[in-house]
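> Here it is, the structure in full.
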There are 2 protein chains.
Amino acid sequence: MADFSFSTDTFDEAAEVVVQMLEERRFVALREMLLPLTPQDLSTLAGLLSEKQMPLFYRLLPKELAAEVFVEMDSEDQEALIKAFSDYELKAIFDELYLDDTVDIIEEMPATVVKRILRQSDAQTRQWVNNILQYPKDSVGSIMTIEYVDLKGHLTVAEAIARIRSVGVDKETIYTCYVTDTNRKLLGYVTAKDILLADATAHIEDIMDSNVLYISTVADKEEAVHMINRYDFLALPVVDGENRLVGIVTVDDAMDVMEDEATEDIQKMAAMLPSEKPYIKSSVWSIWKQRMPWLLMLMISATFTGAIITSFETALQSIPVLTAFIPMLMDTGGNAGSQASVTIIRSLALGDITPRDIPRILWKEMRVSVLCGVVLAAANFLKILLVDNLLMHHYVSLAAAAVISTTLVATVFTAKLVGCSLPILAKRIGFDPAVMASPFITTVVDAISLTIYFLIASAVL
Amino acid sequence: MADFSFSTDTFDEAAEVVVQMLEERRFVALREMLLPLTPQDLSTLAGLLSEKQMPLFYRLLPKELAAEVFVEMDSEDQEALIKAFSDYELKAIFDELYLDDTVDIIEEMPATVVKRILRQSDAQTRQWVNNILQYPKDSVGSIMTIEYVDLKGHLTVAEAIARIRSVGVDKETIYTCYVTDTNRKLLGYVTAKDILLADATAHIEDIMDSNVLYISTVADKEEAVHMINRYDFLALPVVDGENRLVGIVTVDDAMDVMEDEATEDIQKMAAMLPSEKPYIKSSVWSIWKQRMPWLLMLMISATFTGAIITSFETALQSIPVLTAFIPMLMDTGGNAGSQASVTIIRSLALGDITPRDIPRILWKEMRVSVLCGVVLAAANFLKILLVDNLLMHHYVSLAAAAVISTTLVATVFTAKLVGCSLPILAKRIGFDPAVMASPFITTVVDAISLTIYFLIASAVL
């Protein structure tokens with residue numbers, strides 16, 4: 001069914017067919033059509049239906065598939081469906097879900113819906129859900145799953161296979177199994193590949209790898225993603241404060257976190273509050289709330305730049321040509337600064353650099369900025385001589401050209417140093433480096449570069 | 001060995017220990033220390049050694065581990081090692097590698113080194129390598145691996161397990177096996193979980209899932225990443241023009257591509273040429289080459305903005321207070337534009353929107369921009385009345401305040417529309433939307449907003 005995947009157009013068309021078949025009550029034919037589709041594609045389709053049709057569509061699916069589709073839906077659609085469900089249907093769905101998915105859904109629901117969901121769960125599930133809900137928002141605990149396979153070291157391979165066969169069907173992954181002692185302390189791991197390739201009589205403790213990397217429930221979830229990516233893991237074991245195995249993070253969840261975190265960083269770098277909702281599904285109001293605070297703050301801080309211009313008003317009045325170069329100086333400073341800041345923010349996020357590297361980074365940026373600044377200054381000087389003076393006959397004196405070019409070097413130098421320092425400083429004092437990105441740095445650099453400009457101009461001209 | 005992972009500091013310290021032990025020729029003890037480490041950590045360690053010590057360090061490792069470490073190294077380190085290797089050592093390493101890793105290494109090596117590597121390979125490997133090398137740079141073919149497990153439908157589960165045991169050790173993954181007919185056409189897939197949970201006498205064709213999603217060798221590699229992420233696959237099958245199975249893309253490679261592509265987009269959005277090399281390892285020269293072209297181009301295009309100021313010089317001379325608000329207007333326009341453009345660029349990259357959505361997007365951005373613009377204008381008007389006029393006694397006339405605030409609304413409106421349109425237009429004509437990001441849009445918006453500013457000012461004042 002590759003023809004359904006990934007094109008908004010085909011989904012729109014498919015949804016029209018579904019709507020028509022629902023209206024004509026051709027349920028059997030529709031069910032046949034839907035069964036081969038993936039849960040992901042079915043949830044996208046369901047999202048395109050009306051609130052009245054969605055439960056109808058949903059009830060056509062077999063229970064297990066229905067649960068998988070439910071997990072993939074938007075929280076609005078989930079909420080609408082839960083409201084349409086009978087208690088019996090609700091229980092049937094949530095019994096099929098993995099616990100981490102249940103928790104993810106519960107976190108997005110209003111209190112009344114949460115109560116209804118928990119009322120349908122058994123005491124043990126309620127307890128687990130409450131445990132997971134207590135982990136901080138960006139912690140490993142909040143994204144881990146507790147459905148993993150644990151084995152004891154004394155088992156033979158044949159016994160381990162028997163155990164996997166008996167418990168495996170409900171586990172998120174059976175491909176990495178964890179070996180624990182009687183106190184649930186992590187002793188090692190063994191992959192399904194190891195088990196399949198080993199002798200049936202071998203003991204798990206003899207084929208397991210006891211060099212097992214793990215992470216704590218309270219660590220940052222991005223750290224789990226880094227480890228899974230760096231070591232090519234399918235799953236990473238999670239331990240509690242007493243080093244007992246309590247869960248795993250699987251590679252597919254890690255990939256979701258990686259994508260979300262990149263999106264979040266990109267949004268912050270462009271002076272927006274992060275949002276998890278896709279743009280096309282966000283209301284005008286929520287987009288406005290995401291963008292307004294930074295726009296307002298940056299507008300107000302840009303008035304300082306205006307104050308600098310005001311205080312040099314007399315200089316600008318006497319040499320009016322200086323005004324024409326303000327945009328070029330500001331833009332170049334902003335671009336030079338954001339190049340440096342964005343590079344550093346991304347390197348920090350990828351773990352390529354740490355705040356300890358700051359002397360090396362400053363030294364590197366100094367050299368890069370001098371190289372960039374000198375080339376830009378030379379290009380600018382030439383351009384003034386050839387274009388402004390010769391071609392356009394908009395005469396700029398040599399002294400003014402020199403002032404502008406010198407300012408350019410100083411601006412690029414300052415911009416790069418400010419751009420690379422602020423994110424590292426933010427990181428060191430425990431702030432999010434991404435917030436120190438281009439727009440913020442542009443404002444700082446604008447103020448500095450205009451001050452340099454007018455100081456040099458006042459001294460020379 | 002979790003204490004080694006992920007901190008530059010601990011690696012630096014560990015490298016010092018290694019250097020000392022190498023100098024004291026305590027090889028047996030060092031080998032014992034290294035064996036429990038992961039290939040990734042060993043390659044990071046190796047990268048901190050001198051070119052003379054690296055081969056020494058490397059020869060301490062058992063052959064298989066050595067090959068895994070080799071794959072994880074930087075291409076510079078790999079090249080240095082290959083030069084230090086005997087032909088025998090070189091053959092031993094490359095015999096252990098997966099073909100996709102061999103190709104990745106070969107692509108980064110100078111021609112003489114490539115020739116030496118290929119001379120040590122058998123004819124079949126050379127042929128495969130050459131095939132893979134012919135796929136375009138960003139295609140699925142260039143990142144796929146050909147080491148997968150294929151099964152025939154008539155096999156029983158027991159026979160399939162026997163086959164996996166005999167061929168599995170050399171395969172990148174055994175967790176998804178592909179069922180093909182005699183012409184290598186893809187019929188379905190079966191997971192190791194299905195096989196482990198099934199009856200030993202069941203036939204593969206009865207337990208396989210024939211709704212198999214696949215991708216073409218010539219598709220964009222980002223599409224493979226989207227599919228793996230969307231459908232939570234551990235591997236995605238790749239077919240050629242005749243629909244024959246030729247390889248798979250594994251989730252760990254997809255995760256690498258996802259991270260690299262996000263980095264690349266972030267670099268482009270900040271007006272840099274993309275670079276795959278970590279910042280800290282890049283030379284000043286290469287960073288300069290990455291940043292200079294856009295800085296120069298944007299500086300030159302910013303002179304148009306200067307030309308606009310020049311043409312309104314007389315207006316600015318007669319109402320000097322207007323100059324002080326130029327930075328605020330330019331910055332706010334730039335920020336508003338980059339918010340829109342970056343949102344659209346990321347949504348396009350994630351497949352959330354397509355060029356077909358442009359009417360919906362324009363309508364959404366219009367409403368958001370009016371909301372933002374009006375609030376900013378009101379805030380600005382109030383600020384002029386209260387701060388500039390009352391507090392600072394830097395008198396701005398009501399008419400001038402109105403001109404500035406009106407310009408603000410027009411600027412934000414234009415900036416948002418330009419910001420959301422340019423990336424989509426770029427996508428539609430086959431360009432990379434990320435290149436249309438903030439700095440480029442800032443330049444366009446600067447020119448437009450200043451023109452609006454001066455036109456309104458000339459008309460009113």
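Going through the structure tokens in order, the chains are called A, B, and so on, while each chain numbers its residues from 1 and the ligands are numbered from 1 in the order shown.
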Can you list, as an mmCIF file with N, CA, C and O atoms, in the first residue's frame, every protein, DNA or RNA residue that comes within 7 Å of stretch 228-230 of chain A when you count only C-alpha atoms, leaving out same-chain residues fewer than 6 positions away?


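Everything below was put into result-v5.cif:
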```
data_model
loop_
_atom_site.group_PDB
_atom_site.id
_atom_site.type_symbol
_atom_site.label_atom_id
_atom_site.label_comp_id
_atom_site.auth_asym_id
_atom_site.auth_seq_id
_atom_site.Cartn_x
_atom_site.Cartn_y
_atom_site.Cartn_z
ATOM 1 N N LEU A 236 17.736 0.988 25.114
ATOM 2 C CA LEU A 236 18.694 1.367 26.151
ATOM 3 C C LEU A 236 18.036 1.107 27.508
ATOM 4 O O LEU A 236 16.925 1.589 27.753
ATOM 5 N N VAL A 251 14.404 2.463 20.223
ATOM 6 C CA VAL A 251 14.972 3.318 19.184
ATOM 7 C C VAL A 251 13.889 4.139 18.475
ATOM 8 O O VAL A 251 14.145 5.293 18.089
ATOM 9 N N GLN B 40 32.487 2.664 19.465
ATOM 10 C CA GLN B 40 32.350 4.123 19.338
ATOM 11 C C GLN B 40 33.306 4.845 20.284
ATOM 12 O O GLN B 40 33.981 5.805 19.893
ATOM 13 N N ASP B 252 19.359 2.489 12.413
ATOM 14 C CA ASP B 252 20.493 3.255 12.952
ATOM 15 C C ASP B 252 21.072 4.183 11.881
ATOM 16 O O ASP B 252 21.454 5.316 12.175
ATOM 17 N N MET B 255 18.698 7.097 11.522
ATOM 18 C CA MET B 255 18.844 8.059 12.609
ATOM 19 C C MET B 255 20.031 8.994 12.338
ATOM 20 O O MET B 255 19.953 10.197 12.595
#
```

> List the spatial neighbours of B:Asp256 as a CSV table (one decimal) with N, CA, C and O atoms, in the first residue's frame - criterion: any atom at most 12 Å away, only C-alpha atoms, same-chain residues fewer than 2 positions off excluded.


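The file below, part.csv, is the result:
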```
chain,number,residue,atom,x,y,z
A,225,VAL,N,18.8,9.7,23.8
A,225,VAL,CA,18.8,9.7,22.3
A,225,VAL,C,20.3,9.7,21.8
A,225,VAL,O,20.6,8.9,20.9
A,226,HIS,N,21.1,10.5,22.4
A,226,HIS,CA,22.5,10.5,22.0
A,226,HIS,C,23.1,9.1,22.1
A,226,HIS,O,23.9,8.7,21.3
A,228,ILE,N,21.7,6.1,22.2
A,228,ILE,CA,21.1,5.2,21.3
A,228,ILE,C,21.6,5.4,19.9
A,228,ILE,O,22.0,4.5,19.2
A,229,ASN,N,21.8,6.7,19.5
A,229,ASN,CA,22.3,7.0,18.2
A,229,ASN,C,23.8,6.7,18.1
A,229,ASN,O,24.2,6.1,17.2
A,230,ARG,N,24.6,7.0,19.1
A,230,ARG,CA,26.0,6.8,19.1
A,230,ARG,C,26.3,5.3,19.0
A,230,ARG,O,27.2,4.9,18.3
A,231,TYR,N,25.6,4.5,19.9
A,231,TYR,CA,26.0,3.1,20.0
A,231,TYR,C,25.1,2.2,19.1
A,231,TYR,O,25.2,1.0,19.2
A,232,ASP,N,24.3,2.8,18.3
A,232,ASP,CA,23.4,2.0,17.4
A,232,ASP,C,22.6,1.0,18.2
A,232,ASP,O,22.4,-0.2,17.8
A,255,MET,N,13.9,8.2,18.2
A,255,MET,CA,13.9,8.9,16.9
A,255,MET,C,12.9,10.0,16.9
A,255,MET,O,13.1,11.1,16.4
A,258,MET,N,14.3,12.7,18.9
A,258,MET,CA,15.4,13.4,18.1
A,258,MET,C,14.7,14.5,17.2
A,258,MET,O,15.1,15.6,17.1
A,259,GLU,N,13.7,14.0,16.5
A,259,GLU,CA,13.0,14.9,15.5
A,259,GLU,C,12.4,16.1,16.2
A,259,GLU,O,12.5,17.2,15.8
A,350,LEU,N,24.4,18.4,19.9
A,350,LEU,CA,24.9,17.1,19.5
A,350,LEU,C,26.0,16.6,20.4
A,350,LEU,O,26.4,15.5,20.2
B,143,ILE,N,22.7,4.9,0.8
B,143,ILE,CA,22.8,4.6,2.2
B,143,ILE,C,22.3,3.2,2.6
B,143,ILE,O,22.4,2.8,3.7
B,221,LYS,N,17.0,10.0,0.2
B,221,LYS,CA,17.2,9.3,1.4
B,221,LYS,C,16.4,9.8,2.6
B,221,LYS,O,16.0,9.1,3.5
B,222,GLU,N,16.0,11.1,2.5
B,222,GLU,CA,15.2,11.6,3.6
B,222,GLU,C,13.8,11.0,3.6
B,222,GLU,O,13.1,10.9,4.6
B,225,VAL,N,14.0,7.9,5.6
B,225,VAL,CA,14.0,8.3,7.0
B,225,VAL,C,12.6,8.6,7.5
B,225,VAL,O,12.2,8.1,8.6
B,249,VAL,N,17.5,-0.3,4.3
B,249,VAL,CA,18.0,0.8,5.1
B,249,VAL,C,17.6,0.5,6.5
B,249,VAL,O,16.5,0.2,6.9
B,250,THR,N,18.6,0.5,7.4
B,250,THR,CA,18.4,0.1,8.8
B,250,THR,C,18.1,1.4,9.6
B,250,THR,O,18.6,2.5,9.3
B,251,VAL,N,17.5,1.2,10.8
B,251,VAL,CA,17.0,2.3,11.6
B,251,VAL,C,18.2,3.1,12.1
B,251,VAL,O,18.2,4.4,12.2
B,252,ASP,N,19.4,2.5,12.4
B,252,ASP,CA,20.5,3.3,13.0
B,252,ASP,C,21.1,4.2,11.9
B,252,ASP,O,21.5,5.3,12.2
B,253,ASP,N,21.1,3.7,10.6
B,253,ASP,CA,21.6,4.6,9.6
B,253,ASP,C,20.6,5.7,9.3
B,253,ASP,O,21.0,6.9,9.1
B,254,ALA,N,19.3,5.4,9.4
B,254,ALA,CA,18.2,6.4,9.2
B,254,ALA,C,18.4,7.5,10.3
B,254,ALA,O,18.2,8.7,10.0
B,258,MET,N,18.9,11.4,9.8
B,258,MET,CA,18.0,12.4,10.4
B,258,MET,C,18.8,13.5,11.1
B,258,MET,O,18.5,14.7,10.9
B,259,GLU,N,19.8,13.1,11.9
B,259,GLU,CA,20.5,14.1,12.6
B,259,GLU,C,21.3,15.0,11.6
B,259,GLU,O,21.4,16.2,11.8
B,260,ASP,N,22.0,14.3,10.6
B,260,ASP,CA,22.8,15.1,9.7
B,260,ASP,C,21.9,16.1,8.9
B,260,ASP,O,22.3,17.2,8.7
B,261,GLU,N,20.7,15.7,8.5
B,261,GLU,CA,19.9,16.5,7.7
B,261,GLU,C,19.4,17.7,8.5
B,261,GLU,O,19.3,18.8,8.0
B,262,ALA,N,19.1,17.5,9.8
B,262,ALA,CA,18.6,18.6,10.7
B,262,ALA,C,19.8,19.6,10.8
B,262,ALA,O,19.6,20.8,10.7
B,263,THR,N,21.0,19.1,11.0
B,263,THR,CA,22.2,19.9,11.1
B,263,THR,C,22.4,20.8,9.9
B,263,THR,O,22.6,22.0,9.9
B,276,GLU,N,29.6,18.5,7.0
B,276,GLU,CA,29.3,17.3,7.7
B,276,GLU,C,30.3,17.1,8.9
B,276,GLU,O,30.1,16.3,9.8
```

> Name the residues in contact with A:His394 at a cut-off of 10 Å, using only C-alpha atoms, excluding same-chain residues fewer than 3 positions from it; report them as a PyMOL selection string.

(chain A and resi 321+384+387-391+397) or (chain B and resi 307+310)

> Please list as a ChimeraX atom specification every residue within 9 Å of A:Gly247, counting only C-alpha atoms and excluding residues in the same chain fewer than 2 positions away.

/A:141,144-148,217,236-239,245,249

> What's the 8 Å shell around stretch 192-196 of chain B, counting only C-alpha atoms, without same-chain residues fewer than 5 positions away, as an MDAnalysis selection string?

(chainID A and resid 161 164:165 168 174:175) or (chainID B and resid 157 161 174:177 207)

> Could you please take those selected residues and save all heavy atoms as a CSV table (one decimal), in the first residue's frame?


```csv
chain,number,residue,atom,x,y,z
A,161,ILE,N,14.4,-19.0,25.2
A,161,ILE,CA,13.5,-18.9,24.1
A,161,ILE,C,12.0,-19.2,24.5
A,161,ILE,O,11.1,-18.5,24.1
A,161,ILE,CB,13.9,-19.8,22.9
A,161,ILE,CG1,15.2,-19.3,22.3
A,161,ILE,CG2,12.8,-19.9,21.9
A,161,ILE,CD1,15.8,-20.2,21.2
A,164,ILE,N,10.8,-16.1,26.2
A,164,ILE,CA,10.5,-15.0,25.3
A,164,ILE,C,9.1,-15.4,24.6
A,164,ILE,O,8.3,-14.5,24.4
A,164,ILE,CB,11.6,-14.9,24.2
A,164,ILE,CG1,12.9,-14.4,24.9
A,164,ILE,CG2,11.2,-14.0,23.1
A,164,ILE,CD1,14.1,-14.4,24.0
A,165,ARG,N,9.0,-16.6,24.2
A,165,ARG,CA,7.7,-17.0,23.5
A,165,ARG,C,6.5,-16.8,24.4
A,165,ARG,O,5.4,-16.4,24.0
A,165,ARG,CB,7.8,-18.5,23.1
A,165,ARG,CG,8.6,-18.7,21.9
A,165,ARG,CD,8.7,-20.2,21.6
A,165,ARG,NE,7.4,-20.7,21.2
A,165,ARG,CZ,7.1,-21.2,20.0
A,165,ARG,NH1,8.0,-21.1,19.1
A,165,ARG,NH2,5.9,-21.7,19.8
A,168,GLY,N,6.8,-12.6,25.3
A,168,GLY,CA,7.3,-11.7,24.3
A,168,GLY,C,6.2,-10.9,23.6
A,168,GLY,O,6.4,-9.8,23.1
A,174,ILE,N,11.7,-7.6,21.7
A,174,ILE,CA,12.2,-8.8,22.3
A,174,ILE,C,13.7,-9.0,21.8
A,174,ILE,O,14.3,-9.9,22.1
A,174,ILE,CB,11.4,-10.0,21.9
A,174,ILE,CG1,11.4,-10.2,20.4
A,174,ILE,CG2,10.0,-9.9,22.4
A,174,ILE,CD1,11.0,-11.6,20.0
A,175,TYR,N,14.1,-7.9,21.1
A,175,TYR,CA,15.4,-8.1,20.4
A,175,TYR,C,16.6,-7.8,21.3
A,175,TYR,O,17.7,-8.2,21.0
A,175,TYR,CB,15.5,-7.3,19.1
A,175,TYR,CG,14.4,-7.7,18.2
A,175,TYR,CD1,13.7,-6.8,17.4
A,175,TYR,CD2,14.1,-9.0,18.0
A,175,TYR,CE1,12.7,-7.2,16.5
A,175,TYR,CE2,13.1,-9.4,17.2
A,175,TYR,CZ,12.4,-8.5,16.4
A,175,TYR,OH,11.4,-8.9,15.6
B,157,VAL,N,9.1,-22.6,9.7
B,157,VAL,CA,9.7,-21.7,10.6
B,157,VAL,C,11.0,-22.4,11.1
B,157,VAL,O,12.1,-21.7,11.2
B,157,VAL,CB,8.8,-21.5,11.8
B,157,VAL,CG1,9.5,-20.9,13.0
B,157,VAL,CG2,7.6,-20.6,11.4
B,161,ILE,N,14.6,-20.6,10.7
B,161,ILE,CA,15.6,-20.4,11.8
B,161,ILE,C,16.9,-21.0,11.5
B,161,ILE,O,18.0,-20.4,11.7
B,161,ILE,CB,15.0,-21.0,13.2
B,161,ILE,CG1,13.8,-20.2,13.6
B,161,ILE,CG2,16.1,-21.0,14.2
B,161,ILE,CD1,13.2,-20.7,14.9
B,174,ILE,N,18.9,-9.2,11.6
B,174,ILE,CA,18.1,-10.4,11.3
B,174,ILE,C,16.7,-10.3,11.8
B,174,ILE,O,15.9,-11.2,11.7
B,174,ILE,CB,18.8,-11.7,12.0
B,174,ILE,CG1,18.8,-11.5,13.5
B,174,ILE,CG2,20.2,-11.9,11.5
B,174,ILE,CD1,19.0,-12.8,14.2
B,175,TYR,N,16.4,-9.1,12.3
B,175,TYR,CA,15.1,-8.9,13.0
B,175,TYR,C,13.9,-8.7,12.0
B,175,TYR,O,12.8,-8.9,12.4
B,175,TYR,CB,15.2,-7.8,14.0
B,175,TYR,CG,16.2,-8.1,15.1
B,175,TYR,CD1,17.0,-7.2,15.6
B,175,TYR,CD2,16.3,-9.5,15.5
B,175,TYR,CE1,18.0,-7.5,16.6
B,175,TYR,CE2,17.3,-9.8,16.5
B,175,TYR,CZ,18.1,-8.8,17.0
B,175,TYR,OH,19.0,-9.1,17.9
B,176,THR,N,14.2,-8.2,10.8
B,176,THR,CA,13.2,-8.2,9.8
B,176,THR,C,13.8,-9.0,8.6
B,176,THR,O,14.9,-8.7,8.1
B,176,THR,CB,12.9,-6.8,9.3
B,176,THR,OG1,12.7,-6.0,10.5
B,176,THR,CG2,11.6,-6.8,8.5
B,177,CYS,N,13.1,-10.1,8.2
B,177,CYS,CA,13.6,-10.9,7.1
B,177,CYS,C,12.6,-10.7,5.9
B,177,CYS,O,11.4,-10.6,6.2
B,177,CYS,CB,13.6,-12.4,7.5
B,177,CYS,SG,14.7,-12.7,8.9
B,207,ILE,N,2.8,-17.0,7.8
B,207,ILE,CA,3.0,-16.1,8.9
B,207,ILE,C,3.5,-14.7,8.4
B,207,ILE,O,3.5,-13.8,9.2
B,207,ILE,CB,3.9,-16.6,10.0
B,207,ILE,CG1,5.3,-16.8,9.5
B,207,ILE,CG2,3.4,-17.9,10.6
B,207,ILE,CD1,6.3,-17.0,10.6
```

> Could you tell me how far atom CA of A:Gly47 sits from atom CA of A:Glu89, in Å to one decimal place?

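These two atoms are separated by 19.3 Å.
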
> Leaving out stretch 64-74 of chain A and any residue of its chain fewer than 4 positions from it, which residues lie within 9 Å of it when counting only C-alpha atoms, given as a PyMOL selection string?

chain A and resi 35+38-44+46-47+58-60+78-79+81+92-97+101-102+104-105+277

> Please measure the separation of atom CA of B:Val342 and atom CA of A:Ala270, giving the value in Å to one decimal.

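Separation between atom CA of B:Val342 and atom CA of A:Ala270: 6.7 Å.
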
> Please provide as a tab-separated table (two decimals) with all heavy atoms, in the first residue's frame all residues within 8 Å of A:Gly337, with the sequence filter that same-chain residues fewer than 2 positions apart are discarded (counting only C-alpha atoms).


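Output saved as out01.tsv:
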```tsv
chain	number	residue	atom	x	y	z
A	333	GLY	N	26.49	42.25	10.56
A	333	GLY	CA	26.77	41.86	11.95
A	333	GLY	C	25.82	40.77	12.41
A	333	GLY	O	26.23	39.77	13.00
A	334	GLY	N	24.54	40.94	12.10
A	334	GLY	CA	23.55	39.94	12.49
A	334	GLY	C	23.84	38.59	11.86
A	334	GLY	O	23.81	37.55	12.54
A	335	ASN	N	24.16	38.60	10.56
A	335	ASN	CA	24.43	37.33	9.88
A	335	ASN	C	25.69	36.66	10.44
A	335	ASN	O	25.70	35.46	10.68
A	335	ASN	CB	24.60	37.55	8.38
A	335	ASN	CG	23.30	37.96	7.71
A	335	ASN	OD1	22.22	37.61	8.18
A	335	ASN	ND2	23.39	38.72	6.64
A	339	GLN	N	25.61	33.06	12.38
A	339	GLN	CA	26.40	31.91	11.91
A	339	GLN	C	27.13	31.27	13.08
A	339	GLN	O	27.10	30.05	13.28
A	339	GLN	CB	27.42	32.36	10.86
A	339	GLN	CG	26.83	32.68	9.50
A	339	GLN	CD	27.89	33.09	8.50
A	339	GLN	OE1	28.96	33.58	8.88
A	339	GLN	NE2	27.61	32.90	7.22
A	340	ALA	N	27.79	32.11	13.88
A	340	ALA	CA	28.56	31.57	15.01
A	340	ALA	C	27.64	30.97	16.07
A	340	ALA	O	27.87	29.84	16.52
A	340	ALA	CB	29.43	32.67	15.62
A	341	SER	N	26.58	31.69	16.42
A	341	SER	CA	25.75	31.20	17.52
A	341	SER	C	25.05	29.90	17.14
A	341	SER	O	25.00	28.95	17.93
A	341	SER	CB	24.72	32.25	17.93
A	341	SER	OG	23.78	32.46	16.93
A	412	VAL	N	32.12	42.37	12.54
A	412	VAL	CA	32.17	40.92	12.32
A	412	VAL	C	32.91	40.25	13.48
A	412	VAL	O	32.48	39.21	14.00
A	412	VAL	CB	32.82	40.60	10.96
A	412	VAL	CG1	33.05	39.11	10.81
A	412	VAL	CG2	31.93	41.11	9.84
A	415	ALA	N	30.65	40.38	16.52
A	415	ALA	CA	29.47	39.53	16.31
A	415	ALA	C	29.83	38.07	16.50
A	415	ALA	O	29.10	37.31	17.15
A	415	ALA	CB	28.91	39.76	14.91
A	416	LYS	N	30.95	37.64	15.93
A	416	LYS	CA	31.34	36.22	16.04
A	416	LYS	C	31.64	35.87	17.50
A	416	LYS	O	31.25	34.80	17.97
A	416	LYS	CB	32.57	35.94	15.18
A	416	LYS	CG	32.32	36.06	13.69
A	416	LYS	CD	31.93	34.73	13.07
A	416	LYS	CE	31.79	34.82	11.56
A	416	LYS	NZ	30.64	34.06	11.06
A	417	LEU	N	32.33	36.77	18.20
A	417	LEU	CA	32.67	36.45	19.59
A	417	LEU	C	31.43	36.43	20.47
A	417	LEU	O	31.25	35.52	21.28
A	417	LEU	CB	33.70	37.44	20.14
A	417	LEU	CG	35.10	37.32	19.52
A	417	LEU	CD1	36.12	38.03	20.38
A	417	LEU	CD2	35.51	35.87	19.32
A	418	VAL	N	30.57	37.42	20.29
A	418	VAL	CA	29.31	37.41	21.07
A	418	VAL	C	28.49	36.18	20.69
A	418	VAL	O	27.96	35.48	21.55
A	418	VAL	CB	28.50	38.71	20.80
A	418	VAL	CG1	27.12	38.61	21.41
A	418	VAL	CG2	29.25	39.92	21.34
A	419	GLY	N	28.43	35.92	19.38
A	419	GLY	CA	27.63	34.80	18.89
A	419	GLY	C	28.08	33.46	19.43
A	419	GLY	O	27.25	32.60	19.73
A	420	CYS	N	29.38	33.26	19.58
A	420	CYS	CA	29.82	31.95	20.08
A	420	CYS	C	29.82	31.90	21.60
A	420	CYS	O	29.68	30.83	22.18
A	420	CYS	CB	31.18	31.56	19.49
A	420	CYS	SG	32.58	32.42	20.18
A	438	SER	N	20.05	33.62	16.92
A	438	SER	CA	20.21	34.77	16.04
A	438	SER	C	19.48	36.04	16.45
A	438	SER	O	20.12	37.09	16.56
A	438	SER	CB	19.83	34.39	14.61
A	438	SER	OG	19.46	33.06	14.50
A	441	ILE	N	20.95	37.69	19.52
A	441	ILE	CA	22.32	38.14	19.26
A	441	ILE	C	22.33	39.29	18.27
A	441	ILE	O	23.14	40.22	18.40
A	441	ILE	CB	23.16	36.93	18.79
A	441	ILE	CG1	23.51	36.12	20.04
A	441	ILE	CG2	24.41	37.36	18.04
A	441	ILE	CD1	24.08	34.78	19.78
A	442	THR	N	21.41	39.27	17.30
A	442	THR	CA	21.32	40.38	16.36
A	442	THR	C	21.11	41.70	17.09
A	442	THR	O	21.77	42.70	16.79
A	442	THR	CB	20.14	40.15	15.39
A	442	THR	OG1	20.36	38.92	14.70
A	442	THR	CG2	20.03	41.26	14.38
A	445	VAL	N	24.31	42.65	18.85
A	445	VAL	CA	25.34	43.03	17.89
A	445	VAL	C	25.00	44.36	17.23
A	445	VAL	O	25.89	45.18	16.99
A	445	VAL	CB	25.52	41.90	16.84
A	445	VAL	CG1	26.35	42.37	15.66
A	445	VAL	CG2	26.16	40.68	17.49
```

> Atom CA of A:Leu422 to atom CA of A:Met436: how many Å, to one decimal?

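Pair atom CA of A:Leu422 / atom CA of A:Met436 returns 6.3 Å.
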
> Can you list, as a ChimeraX atom specification, all residues belonging to stretch 13-237 of chain B that DSSP tags as alpha helix (DSSP H)?

/B:13-23,27-34,39-47,53-59,63-72,75-84,87-96,99-108,111-119,123-133,157-167,192-197,204-207,221-230

> For chain B, which of A:Phe325, A:Tyr453, A:Phe381, A:Phe431 is the closest residue, counting only C-alpha atoms?

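With only C-alpha atoms as the atom set, the closest residue is A:Phe325.
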
> Of the candidates A:Asp352, A:Ile344, A:Leu61, A:Val246, which shows the shortest atom-to-atom distance to A:Lys364, using only C-alpha atoms?

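Comparing A:Asp352, A:Ile344, A:Leu61, A:Val246 against A:Lys364, the winner is A:Ile344.
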